[in-house]
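> Provided herewith: data16.cif, mmCIF, C-alpha atoms.
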```cif
data_model
#
loop_
_atom_site.label_atom_id
_atom_site.label_comp_id
_atom_site.auth_asym_id
_atom_site.auth_seq_id
_atom_site.Cartn_x
_atom_site.Cartn_y
_atom_site.Cartn_z
CA MET A 1 32.35 -188.31 44.48
CA PRO A 2 33.98 -190.09 41.53
CA GLY A 3 36.71 -192.70 41.50
CA SER A 4 37.58 -195.57 43.82
CA ALA A 5 39.21 -195.55 47.20
CA PRO A 6 41.65 -198.12 48.57
CA GLY A 7 41.14 -199.79 51.94
CA VAL A 8 41.52 -197.38 54.83
CA VAL A 9 42.28 -198.09 58.47
CA ALA A 10 41.62 -195.29 60.96
CA LEU A 11 42.92 -195.13 64.51
CA LEU A 12 41.24 -192.48 66.60
CA ALA A 13 43.09 -191.48 69.76
CA VAL A 14 40.98 -189.34 72.06
CA GLY A 15 42.46 -187.92 75.28
CA ALA A 16 40.65 -186.67 78.36
CA LEU A 17 37.31 -185.64 76.96
CA LEU A 18 34.89 -182.94 77.95
CA VAL A 19 31.41 -184.28 77.36
CA VAL A 20 28.51 -181.97 76.62
CA ALA A 21 25.08 -183.58 76.38
CA ALA A 22 21.94 -182.12 74.86
CA PRO A 23 19.61 -180.75 77.56
CA PRO A 24 16.37 -182.47 78.61
CA GLY A 25 13.06 -181.72 76.96
CA SER A 26 14.13 -181.56 73.32
CA ALA A 27 11.35 -182.36 70.83
CA ALA A 28 11.67 -185.29 68.47
CA PRO A 29 12.68 -184.85 64.82
CA GLY A 30 9.94 -184.88 62.19
CA VAL A 31 9.66 -185.17 58.40
CA VAL A 32 9.09 -181.78 56.76
CA TYR A 33 8.80 -183.01 53.18
CA ARG A 34 10.22 -185.54 50.73
CA ILE A 35 12.37 -184.74 47.71
CA ALA A 36 10.50 -186.67 45.03
CA ASP A 37 12.15 -185.26 41.88
CA PRO A 38 14.08 -188.21 40.37
CA ARG A 39 16.69 -185.76 39.05
CA ILE A 40 17.70 -185.13 42.66
CA ASP A 41 19.16 -188.53 43.45
CA GLU A 42 22.34 -187.54 45.31
CA ALA A 43 21.34 -184.51 47.35
CA SER A 44 24.61 -183.54 48.97
CA GLY A 45 23.91 -180.03 50.25
CA LEU A 46 20.99 -178.05 51.64
CA GLY A 47 20.24 -174.36 52.16
CA VAL A 48 17.24 -172.24 53.16
CA GLY A 49 16.14 -169.40 50.90
CA VAL A 50 16.63 -165.79 52.04
CA ARG A 51 15.65 -163.77 48.98
CA SER A 52 13.20 -166.54 48.14
CA PRO A 53 11.43 -167.42 51.40
CA GLY A 54 9.48 -170.66 51.27
CA VAL A 55 12.15 -172.26 49.08
CA ASP A 56 15.02 -174.58 50.00
CA TYR A 57 18.00 -175.28 47.75
CA VAL A 58 19.70 -178.62 47.13
CA GLN A 59 22.37 -179.85 44.73
CA ASN A 60 23.60 -183.17 43.45
CA ASP A 61 27.25 -184.01 43.73
CA SER A 62 29.56 -185.41 41.05
CA GLY A 63 28.14 -186.39 37.68
CA ASP A 64 25.48 -183.71 37.46
CA THR A 65 25.70 -180.55 35.42
CA ALA A 66 26.40 -177.11 36.93
CA ARG A 67 22.96 -176.68 38.42
CA PHE A 68 21.09 -176.70 41.70
CA PHE A 69 17.43 -177.07 42.57
CA ALA A 70 14.94 -174.85 44.36
CA VAL A 71 12.29 -176.95 46.11
CA SER A 72 9.20 -175.96 48.06
CA ALA A 73 10.01 -175.79 51.75
CA THR A 74 6.63 -177.37 52.57
CA THR A 75 5.98 -179.92 49.81
CA GLY A 76 9.46 -180.68 48.43
CA ARG A 77 8.23 -180.17 44.87
CA THR A 78 10.80 -178.72 42.48
CA ALA A 79 10.10 -175.01 42.04
CA ALA A 80 13.06 -174.28 39.75
CA VAL A 81 16.16 -175.79 38.20
CA VAL A 82 18.92 -173.19 38.47
CA THR A 83 21.85 -173.29 36.04
CA VAL A 84 25.18 -171.61 36.87
CA PRO A 85 26.88 -170.43 33.64
CA GLY A 86 30.65 -170.81 33.46
CA ALA A 87 30.76 -173.29 36.36
CA THR A 88 31.72 -176.98 36.26
CA ASN A 89 30.45 -179.67 38.59
CA VAL A 90 33.52 -181.82 39.18
CA ASP A 91 32.23 -182.87 42.60
CA TRP A 92 29.86 -180.37 44.23
CA GLU A 93 29.64 -181.52 47.82
CA ASP A 94 27.85 -178.81 49.76
CA LEU A 95 25.74 -175.69 49.38
CA ALA A 96 25.14 -172.68 51.62
CA VAL A 97 22.79 -169.71 51.48
CA ALA A 98 24.30 -166.63 53.10
CA PRO A 99 25.19 -163.03 52.23
CA ASP A 100 28.44 -162.20 50.51
CA ARG A 101 30.73 -159.57 52.05
CA THR A 102 28.57 -156.80 50.52
CA GLY A 103 25.39 -158.22 52.08
CA THR A 104 23.92 -159.67 48.88
CA PRO A 105 21.93 -162.87 49.54
CA SER A 106 23.93 -165.58 47.81
CA VAL A 107 24.08 -169.27 47.04
CA TRP A 108 27.54 -170.77 47.62
CA LEU A 109 28.56 -174.06 46.01
CA ALA A 110 31.57 -176.09 47.16
CA ASP A 111 33.22 -178.01 44.32
CA THR A 112 35.59 -179.63 46.79
CA GLY A 113 35.00 -183.38 46.62
CA ASP A 114 38.28 -185.27 46.17
CA ASN A 115 37.95 -188.83 47.34
CA ASP A 116 41.27 -189.88 45.81
CA ALA A 117 43.09 -186.73 47.02
CA VAL A 118 44.40 -185.87 43.55
CA ARG A 119 42.98 -182.42 42.78
CA SER A 120 45.66 -179.73 42.69
CA GLU A 121 42.94 -177.13 43.17
CA VAL A 122 39.30 -177.07 44.19
CA ARG A 123 36.72 -174.37 43.61
CA LEU A 124 34.09 -172.41 45.45
CA TYR A 125 31.34 -170.68 43.47
CA ARG A 126 29.12 -167.82 44.64
CA VAL A 127 26.06 -166.51 42.80
CA ASP A 128 23.35 -164.05 43.75
CA GLU A 129 20.42 -165.98 45.13
CA PRO A 130 17.65 -166.11 42.50
CA ARG A 131 14.09 -165.00 43.14
CA VAL A 132 11.91 -168.10 43.03
CA PRO A 133 8.26 -167.96 44.15
CA ALA A 134 7.45 -170.76 46.57
CA GLY A 135 4.51 -171.79 44.37
CA ALA A 136 6.57 -172.02 41.17
CA GLN A 137 6.86 -175.38 39.44
CA ASN A 138 9.89 -176.59 37.53
CA ARG A 139 10.96 -173.19 36.22
CA ALA A 140 14.22 -172.85 34.32
CA VAL A 141 16.39 -170.19 35.95
CA ARG A 142 19.85 -169.01 34.97
CA THR A 143 22.08 -167.10 37.39
CA GLY A 144 24.65 -164.49 36.51
CA ARG A 145 28.24 -165.59 36.11
CA PRO A 146 29.63 -166.74 39.45
CA ASP A 147 32.44 -165.45 41.59
CA VAL A 148 35.03 -168.23 41.57
CA TRP A 149 37.61 -169.03 44.21
CA ARG A 150 40.40 -171.32 43.03
CA LEU A 151 41.74 -172.94 46.18
CA ARG A 152 44.35 -175.35 47.48
CA TYR A 153 45.17 -176.77 50.88
CA PRO A 154 48.52 -175.95 52.53
CA SER A 155 49.29 -179.64 53.09
CA GLY A 156 48.18 -180.94 49.69
CA PRO A 157 44.97 -182.43 48.27
CA VAL A 158 42.29 -183.72 50.63
CA ASP A 159 38.59 -184.50 50.42
CA ALA A 160 36.20 -181.88 51.84
CA GLU A 161 32.42 -182.15 51.78
CA SER A 162 31.31 -179.44 54.21
CA LEU A 163 30.79 -175.71 53.67
CA ALA A 164 29.58 -173.04 56.09
CA VAL A 165 29.30 -169.30 55.39
CA SER A 166 28.90 -166.57 58.00
CA PRO A 167 26.51 -163.60 57.77
CA GLN A 168 29.58 -161.49 56.94
CA GLY A 169 30.35 -163.61 53.88
CA THR A 170 33.27 -165.55 55.38
CA ALA A 171 33.34 -169.12 54.06
CA TYR A 172 34.74 -172.21 55.77
CA LEU A 173 35.55 -175.64 54.34
CA ILE A 174 35.81 -178.75 56.52
CA THR A 175 37.72 -181.84 55.46
CA LYS A 176 36.34 -185.36 55.48
CA THR A 177 39.09 -187.22 57.31
CA LEU A 178 38.20 -190.01 59.69
CA GLY A 179 37.86 -188.97 63.31
CA SER A 180 39.31 -185.47 63.17
CA SER A 181 38.62 -182.91 60.44
CA THR A 182 40.39 -179.62 59.74
CA VAL A 183 38.42 -176.41 59.35
CA TYR A 184 39.81 -173.99 56.74
CA GLN A 185 38.90 -170.36 56.15
CA VAL A 186 38.49 -169.19 52.57
CA PRO A 187 40.17 -165.91 51.50
CA SER A 188 37.73 -163.01 51.61
CA ARG A 189 38.00 -162.22 47.89
CA PRO A 190 38.47 -164.49 44.88
CA ASP A 191 41.54 -163.96 42.70
CA ALA A 192 41.09 -164.75 39.03
CA ASP A 193 44.82 -164.80 38.40
CA ARG A 194 46.03 -167.36 40.92
CA VAL A 195 45.17 -170.31 43.13
CA GLN A 196 44.77 -169.14 46.73
CA THR A 197 45.80 -171.13 49.79
CA LEU A 198 43.23 -171.95 52.46
CA VAL A 199 44.05 -171.13 56.09
CA ALA A 200 43.49 -173.70 58.85
CA VAL A 201 41.58 -172.22 61.81
CA GLY A 202 40.70 -175.27 63.88
CA THR A 203 39.81 -178.94 64.06
CA VAL A 204 36.68 -180.95 64.73
CA THR A 205 36.99 -184.26 66.58
CA PHE A 206 34.21 -186.83 66.36
CA THR A 207 33.42 -189.73 68.69
CA ALA A 208 32.88 -193.23 67.32
CA HIS A 209 29.83 -194.90 68.87
CA PRO A 210 27.40 -197.75 68.16
CA THR A 211 24.74 -196.78 65.65
CA SER A 212 22.07 -198.28 63.42
CA ILE A 213 22.88 -196.15 60.36
CA PRO A 214 23.80 -198.13 57.21
CA LEU A 215 27.50 -197.16 57.38
CA GLY A 216 27.88 -198.27 60.99
CA GLU A 217 30.44 -196.68 63.31
CA LEU A 218 32.45 -195.34 60.38
CA GLY A 219 29.58 -192.98 59.69
CA THR A 220 29.88 -191.44 63.15
CA VAL A 221 33.38 -190.05 62.51
CA THR A 222 33.16 -188.57 59.01
CA ALA A 223 32.09 -184.98 58.29
CA THR A 224 29.51 -184.74 55.50
CA GLY A 225 28.03 -181.24 55.80
CA ALA A 226 28.10 -177.97 57.71
CA ALA A 227 26.14 -174.77 58.24
CA LEU A 228 26.16 -171.53 60.18
CA SER A 229 22.90 -170.14 61.53
CA ARG A 230 21.52 -167.04 59.85
CA ASP A 231 22.69 -164.81 62.71
CA GLY A 232 26.07 -166.56 62.85
CA THR A 233 25.76 -167.63 66.50
CA LEU A 234 25.68 -171.39 65.89
CA LEU A 235 27.95 -173.62 63.84
CA ALA A 236 26.83 -177.14 62.89
CA VAL A 237 28.99 -179.89 61.44
CA ARG A 238 27.25 -183.16 60.71
CA THR A 239 28.35 -186.73 60.20
CA TYR A 240 26.17 -189.49 58.80
CA ALA A 241 24.80 -189.98 62.32
CA ASP A 242 25.05 -186.78 64.38
CA ALA A 243 25.20 -183.01 64.34
CA TYR A 244 27.87 -181.27 66.41
CA LEU A 245 26.91 -177.74 67.48
CA TRP A 246 29.10 -174.89 68.72
CA SER A 247 28.04 -171.49 70.05
CA VAL A 248 29.91 -168.80 68.11
CA ARG A 249 30.61 -165.48 69.83
CA ASP A 250 31.26 -162.30 67.86
CA GLY A 251 31.73 -164.27 64.64
CA ASP A 252 34.87 -165.99 65.96
CA VAL A 253 34.61 -169.52 64.57
CA ALA A 254 38.22 -170.35 65.47
CA SER A 255 37.60 -169.66 69.15
CA ALA A 256 34.30 -171.56 69.06
CA LEU A 257 36.06 -174.67 67.82
CA ARG A 258 38.27 -174.67 70.92
CA ARG A 259 35.19 -175.21 73.09
CA ALA A 260 33.31 -178.46 73.49
CA PRO A 261 30.34 -178.95 71.15
CA THR A 262 26.92 -180.39 71.83
CA ARG A 263 26.24 -183.61 69.92
CA VAL A 264 22.68 -184.05 68.67
CA PRO A 265 21.87 -187.51 67.22
CA LEU A 266 20.13 -187.28 63.84
CA PRO A 267 17.38 -189.51 62.38
CA VAL A 268 18.61 -192.63 60.64
CA GLN A 269 19.05 -191.74 56.96
CA ARG A 270 20.12 -193.69 53.91
CA GLN A 271 23.21 -191.50 53.46
CA GLY A 272 22.68 -188.19 55.21
CA GLU A 273 24.88 -185.34 54.03
CA GLY A 274 23.18 -181.94 53.89
CA ILE A 275 22.42 -179.70 56.87
CA ALA A 276 21.00 -176.20 57.27
CA PHE A 277 19.43 -174.02 59.94
CA ARG A 278 15.78 -173.00 59.71
CA GLY A 279 14.92 -170.94 62.74
CA ASP A 280 15.49 -173.11 65.82
CA ASP A 281 15.60 -176.33 63.78
CA LEU A 282 18.25 -178.15 61.83
CA LEU A 283 17.16 -179.41 58.41
CA VAL A 284 18.91 -182.56 57.17
CA ASP A 285 18.67 -184.37 53.84
CA SER A 286 20.05 -187.55 52.31
CA GLU A 287 21.26 -188.98 49.05
CA GLY A 288 18.85 -191.26 47.22
CA VAL A 289 15.54 -190.80 45.37
CA ASP A 290 12.40 -189.81 47.31
CA GLN A 291 14.27 -189.18 50.54
CA PRO A 292 12.75 -187.27 53.46
CA VAL A 293 14.03 -183.95 54.78
CA TYR A 294 13.86 -183.88 58.58
CA ALA A 295 13.58 -180.99 61.01
CA VAL A 296 15.63 -181.63 64.15
CA PRO A 297 15.14 -179.18 67.04
CA VAL A 298 18.25 -177.38 68.25
CA PRO A 299 18.62 -177.84 72.04
CA GLN A 300 17.06 -174.89 73.84
CA ALA A 301 20.22 -174.19 75.81
CA LEU A 302 21.87 -173.21 72.51
CA THR A 303 19.02 -171.13 71.12
CA ARG A 304 18.43 -169.02 74.26
CA PRO A 305 20.52 -165.85 74.66
CA SER A 306 22.06 -167.07 77.93
CA ALA A 307 23.34 -170.28 76.37
CA THR A 308 26.63 -168.82 75.14
CA SER A 309 27.60 -167.91 78.68
CA THR A 310 27.28 -171.55 79.78
CA ALA A 311 29.27 -173.17 76.98
CA ALA A 312 32.27 -175.26 78.01
CA THR A 313 35.67 -173.58 77.71
CA SER A 314 37.98 -176.59 77.79
CA THR A 315 40.44 -176.98 74.93
CA ALA A 316 40.24 -180.78 75.14
CA ALA A 317 39.04 -182.68 72.09
CA PRO A 318 35.24 -182.19 71.95
CA SER A 319 32.92 -185.17 72.20
CA THR A 320 29.63 -186.40 73.64
CA THR A 321 28.22 -189.55 75.18
CA SER A 322 24.83 -190.22 73.60
CA SER A 323 24.79 -193.19 71.24
CA SER A 324 21.22 -192.99 69.99
CA PRO A 325 20.92 -192.20 66.27
CA ARG A 326 17.43 -190.74 66.59
CA PRO A 327 16.11 -187.94 68.84
CA PRO A 328 18.53 -185.69 70.79
CA ASP A 329 19.87 -187.10 74.07
CA THR A 330 17.54 -186.36 76.98
CA SER A 331 19.63 -187.80 79.83
CA THR A 332 19.73 -185.56 82.89
CA SER A 333 22.49 -186.45 85.31
CA GLY A 334 23.90 -183.27 86.79
CA GLY A 335 23.50 -179.77 85.49
CA SER A 336 24.32 -176.16 86.11
CA GLY A 337 22.81 -172.77 85.95
CA SER A 338 19.94 -170.93 87.52
CA GLY A 339 16.47 -170.80 86.11
CA SER A 340 16.83 -171.93 82.47
CA ALA A 341 17.76 -175.15 80.71
CA ARG A 342 21.51 -175.28 80.26
CA THR A 343 23.93 -177.53 78.47
CA ARG A 344 25.25 -180.17 80.87
CA ASP A 345 29.04 -180.41 81.20
CA VAL A 346 30.57 -183.70 82.36
CA VAL A 347 34.31 -184.29 82.62
CA VAL A 348 35.44 -187.81 81.85
CA GLY A 349 38.71 -188.46 83.65
CA GLY A 350 41.60 -190.36 82.17
CA ALA A 351 42.54 -191.03 78.59
CA VAL A 352 40.23 -192.81 76.20
CA ALA A 353 41.58 -194.60 73.17
CA VAL A 354 39.14 -195.70 70.52
CA ALA A 355 40.44 -197.89 67.74
CA VAL A 356 38.21 -198.03 64.68
CA GLY A 357 39.39 -200.37 61.91
CA VAL A 358 37.52 -199.81 58.68
CA ALA A 359 38.09 -201.37 55.28
CA LEU A 360 36.63 -199.22 52.53
CA THR A 361 36.24 -200.35 48.97
CA GLY A 362 34.43 -198.78 46.04
CA VAL A 363 33.61 -195.11 45.89
CA GLY A 364 34.63 -192.86 48.81
CA VAL A 365 32.88 -193.86 52.01
CA VAL A 366 30.64 -196.55 50.56
CA ARG A 367 29.52 -194.06 47.92
CA ARG A 368 28.16 -195.59 44.72
CA ARG A 369 29.44 -194.34 41.40
CA ARG A 370 27.04 -191.84 39.97
CA ARG A 371 25.32 -192.93 36.78
CA ALA A 372 25.86 -190.99 33.57
CA ARG A 373 23.25 -188.33 32.96
#
```
Could you quickly redo this structure as structure tokens?

Amino acid sequence: MPGSAPGVVALLAVGALLVVAAPPGSAAPGVVYRIADPRIDEASGLGVGVRSPGVDYVQNDSGDTARFFAVSATTGRTAAVVTVPGATNVDWEDLAVAPDRTGTPSVWLADTGDNDAVRSEVRLYRVDEPRVPAGAQNRAVRTGRPDVWRLRYPSGPVDAESLAVSPQGTAYLITKTLGSSTVYQVPSRPDADRVQTLVAVGTVTFTAHPTSIPLGELGTVTATGAALSRDGTLLAVRTYADAYLWSVRDGDVASALRRAPTRVPLPVQRQGEGIAFRGDDLLVDSEGVDQPVYAVPVPQALTRPSATSTAATSTAAPSTTSSSPRPPDTSTSGGSGSGSARTRDVVVGGAVAVAVGVALTGVGVVRRRRRAR
């Protein structure tokens, strides 16, 4: 994310909150592999191969060329460097692997970073997912020319670093605004002749809490990545500290966002940004050289078929109570349901006001300027 940002002060006002805690018995996160390739020094997105099983995809953000990397899903070694002809990396902030509207397995790249809120349009690229053998090493791959969405926000420029794409090929962008982020739906088809306007479909509200991550409490209220599960039944939006998970019914993301999410604390990372689903786990990566990729188990109440029937239905701002930055919350006061582990719903009465004063200097949210390549 290029450029400098002035000081910012955020005031988060949170009303009567519905708290949803992760259920008991969740396994601890573990390291799956490390990304050792020194060319991948600002991994900002993460996706799991569909056409190329055994491969994960990552991309650097601003300052790199129009390329992404295929890495072994077991060793982290670079299997291929994939160039996207006709694309430009102004500030690629997230990556998703999902079908397009015709069902073609695709890699989606969000060129949406705008720390200084000056871009009159941002872009979303889609290319057919390449075929990369898991055992390949450092192959040079070139995609076909991408589909390109030229996009703008209805209220003017804003930074967005999170992309999620449904199994039906519907893409969503999520802004990076302190405390509460807007979720926008991308038009179903690109239009080469004009800039299209994104449509707001919901908001995501984060809860500031004590944390040991390098960015402190600021990092608990800023969206850095998103993903939809392969079957489209779970939406994840992550901050530097946590993942917020929503059950999605019948592909209706807008309705899902009106329910309370489950907050799952993530491992402490240098600057964690990418997130993806792999089976019943979340994969998360971080900027920096030789950084680990963690697998974080999704709470069982969300992965079991009955979980969607137990999700909270309040329209209050979603939040959670756990403050640990490491394994998912395993507290067990209260509960509901019969027979299976269920998400615990706790209503916190009264209004809660959380004031978070943050002075930011330098690049974005304590983001270092990327070196010239």
> Which residues would end up in the selection if the PyMOL selection byres ((chain A and resi 261) around 6) were applied here, given that I need the answer as a ChimeraX atom specification?
/A:244-246,260,262,318
> Report as a ChimeraX atom specification the full result of the PyMOL selection byres ((chain A and resi 298) around 6) when it is applied to this structure.
/A:280-281,297,299
> Once you have the residues from the selection above, write them out as a short mmCIF file (atom, residue, chain, number, x, y, z; two decimals), in the frame of the given file, restricted to C-alpha atoms.

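What landed in again29.cif:
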```cif
data_model
loop_
_atom_site.label_atom_id
_atom_site.label_comp_id
_atom_site.auth_asym_id
_atom_site.auth_seq_id
_atom_site.Cartn_x
_atom_site.Cartn_y
_atom_site.Cartn_z
CA ASP A 280 15.49 -173.11 65.82
CA ASP A 281 15.60 -176.33 63.78
CA PRO A 297 15.14 -179.18 67.04
CA PRO A 299 18.62 -177.84 72.04
#
```
> With distances taken over only C-alpha atoms, which residue among A:Val195, A:Leu215, A:Val201, A:Leu109 lies nearest Val165 of chain A?
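Closest to Val165 of chain A of all the choices is A:Leu109.
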> Which distance in Å separates atom CA of Val107 of chain A and atom CA of Asn89 of chain A, to one decimal?
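Computing it gives 14.8 Å between the two atoms.
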> Just give me the gap between atom CA of Ala208 of chain A and atom CA of Ala117 of chain A in Å, one decimal is fine.
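For atom CA of Ala208 of chain A relative to atom CA of Ala117 of chain A, the distance reads 23.6 Å.
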> From the list A:Ala87, A:Val237, A:Ala134, A:Ala227, which residue is nearest Gly54 of chain A when using only C-alpha atoms?
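Smallest distance to Gly54 of chain A is found for A:Ala134.
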> For Gly216 of chain A, which residue out of A:Leu257, A:Ala192, A:Ala241, A:Val199 is the nearest one, using all atoms listed in the file?
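The answer is A:Ala241, which sits nearest to Gly216 of chain A.
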> May I have the protein, DNA and RNA residues with an atom at most 6 Å from (33.9, -159.0, 50.4), counting all atoms listed in the file in the file's coordinates, returned as a ChimeraX atom specification?
/A:101-102,188-189
> So how far away is atom CA of Val148 of chain A from atom CA of Glu93 of chain A, in Å?
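These two atoms are separated by 15.6 Å.
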> To verify the selection step, state as a list in words which residues the PyMOL selection byres ((chain A and resi 83) around 9) yields on this input.
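This file gives the following for the PyMOL selection byres ((chain A and resi 83) around 9): Thr65, Ala66, Arg67, Phe68, Phe69, Val81, Val82, Val84, Pro85, Ala87, Ala140, Val141, Arg142 and Thr143 of chain A.
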> For Asp128 of chain A, please output as a list in words all residues within 9 Å (counting all atoms listed in the file; exclusion window: fewer than 5 positions along the same chain).
Pro99, Asp100, Thr104, Pro105, Ser106, Val107, Trp108, Thr143, Gly144 and Pro146 of chain A
> Quick one: residues within 10 Å of segment 119-123 of chain A, all atoms listed in the file counted, chain neighbours fewer than 4 positions away excluded, as a PyMOL selection string?
chain A and resi 87-92+109-115+148-153+156-160+195-197
> Can you tell me which residues surround Gln137 of chain A at a distance of at most 12 Å, considering all atoms listed in the file, apart from same-chain residues fewer than 6 positions away, and format the answer as a list of chain:residue names?
A:Asp37, A:Val55, A:Phe69, A:Ala70, A:Val71, A:Ser72, A:Thr75, A:Gly76, A:Arg77, A:Thr78, A:Ala79, A:Ala80, A:Val81
> Some atoms are absent from segment 190-197 of chain A, so rebuild all heavy atoms and return them as a PDB file, in the frame of the given file.

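Produced file selection-v2.pdb, reproduced below:
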```pdb
ATOM      1  N   PRO A 190      37.885-163.585  45.880  1.00  0.00           N
ATOM      2  CA  PRO A 190      38.470-164.490  44.880  1.00  0.00           C
ATOM      3  C   PRO A 190      39.553-163.766  44.091  1.00  0.00           C
ATOM      4  O   PRO A 190      39.552-162.532  43.999  1.00  0.00           O
ATOM      5  CB  PRO A 190      37.281-164.844  43.995  1.00  0.00           C
ATOM      6  CG  PRO A 190      36.361-163.684  44.108  1.00  0.00           C
ATOM      7  CD  PRO A 190      36.517-163.152  45.509  1.00  0.00           C
ATOM      8  N   ASP A 191      40.469-164.518  43.532  1.00  0.00           N
ATOM      9  CA  ASP A 191      41.540-163.960  42.700  1.00  0.00           C
ATOM     10  C   ASP A 191      41.570-164.729  41.391  1.00  0.00           C
ATOM     11  O   ASP A 191      41.926-165.910  41.362  1.00  0.00           O
ATOM     12  CB  ASP A 191      42.885-164.079  43.417  1.00  0.00           C
ATOM     13  CG  ASP A 191      44.004-163.324  42.708  1.00  0.00           C
ATOM     14  OD1 ASP A 191      43.957-163.220  41.468  1.00  0.00           O
ATOM     15  OD2 ASP A 191      44.921-162.837  43.402  1.00  0.00           O
ATOM     16  N   ALA A 192      41.193-164.078  40.325  1.00  0.00           N
ATOM     17  CA  ALA A 192      41.090-164.750  39.030  1.00  0.00           C
ATOM     18  C   ALA A 192      42.441-165.163  38.474  1.00  0.00           C
ATOM     19  O   ALA A 192      42.520-166.014  37.578  1.00  0.00           O
ATOM     20  CB  ALA A 192      40.364-163.846  38.034  1.00  0.00           C
ATOM     21  N   ASP A 193      43.504-164.582  39.003  1.00  0.00           N
ATOM     22  CA  ASP A 193      44.820-164.800  38.400  1.00  0.00           C
ATOM     23  C   ASP A 193      45.651-165.873  39.091  1.00  0.00           C
ATOM     24  O   ASP A 193      46.725-166.231  38.599  1.00  0.00           O
ATOM     25  CB  ASP A 193      45.618-163.482  38.417  1.00  0.00           C
ATOM     26  CG  ASP A 193      44.953-162.402  37.586  1.00  0.00           C
ATOM     27  OD1 ASP A 193      44.389-162.744  36.521  1.00  0.00           O
ATOM     28  OD2 ASP A 193      44.988-161.227  38.003  1.00  0.00           O
ATOM     29  N   ARG A 194      45.195-166.373  40.218  1.00  0.00           N
ATOM     30  CA  ARG A 194      46.030-167.360  40.920  1.00  0.00           C
ATOM     31  C   ARG A 194      45.177-168.272  41.794  1.00  0.00           C
ATOM     32  O   ARG A 194      44.025-167.945  42.123  1.00  0.00           O
ATOM     33  CB  ARG A 194      47.086-166.676  41.771  1.00  0.00           C
ATOM     34  CG  ARG A 194      46.516-165.863  42.921  1.00  0.00           C
ATOM     35  CD  ARG A 194      47.608-165.080  43.650  1.00  0.00           C
ATOM     36  NE  ARG A 194      47.056-164.294  44.751  1.00  0.00           N
ATOM     37  CZ  ARG A 194      46.969-164.721  45.997  1.00  0.00           C
ATOM     38  NH1 ARG A 194      47.391-165.945  46.313  1.00  0.00           N
ATOM     39  NH2 ARG A 194      46.473-163.948  46.959  1.00  0.00           N
ATOM     40  N   VAL A 195      45.783-169.389  42.174  1.00  0.00           N
ATOM     41  CA  VAL A 195      45.170-170.310  43.130  1.00  0.00           C
ATOM     42  C   VAL A 195      45.540-169.824  44.528  1.00  0.00           C
ATOM     43  O   VAL A 195      46.714-169.622  44.841  1.00  0.00           O
ATOM     44  CB  VAL A 195      45.657-171.750  42.907  1.00  0.00           C
ATOM     45  CG1 VAL A 195      45.021-172.690  43.923  1.00  0.00           C
ATOM     46  CG2 VAL A 195      45.353-172.206  41.494  1.00  0.00           C
ATOM     47  N   GLN A 196      44.535-169.633  45.378  1.00  0.00           N
ATOM     48  CA  GLN A 196      44.770-169.140  46.730  1.00  0.00           C
ATOM     49  C   GLN A 196      44.859-170.302  47.719  1.00  0.00           C
ATOM     50  O   GLN A 196      44.246-171.358  47.516  1.00  0.00           O
ATOM     51  CB  GLN A 196      43.647-168.188  47.134  1.00  0.00           C
ATOM     52  CG  GLN A 196      43.563-166.946  46.261  1.00  0.00           C
ATOM     53  CD  GLN A 196      42.343-166.101  46.594  1.00  0.00           C
ATOM     54  OE1 GLN A 196      41.233-166.412  46.172  1.00  0.00           O
ATOM     55  NE2 GLN A 196      42.547-165.033  47.350  1.00  0.00           N
ATOM     56  N   THR A 197      45.608-170.088  48.785  1.00  0.00           N
ATOM     57  CA  THR A 197      45.800-171.130  49.790  1.00  0.00           C
ATOM     58  C   THR A 197      44.843-170.920  50.949  1.00  0.00           C
ATOM     59  O   THR A 197      44.740-169.823  51.506  1.00  0.00           O
ATOM     60  CB  THR A 197      47.243-171.131  50.311  1.00  0.00           C
ATOM     61  OG1 THR A 197      48.138-171.334  49.203  1.00  0.00           O
ATOM     62  CG2 THR A 197      47.454-172.243  51.331  1.00  0.00           C
TER      63      THR A 197
END
```
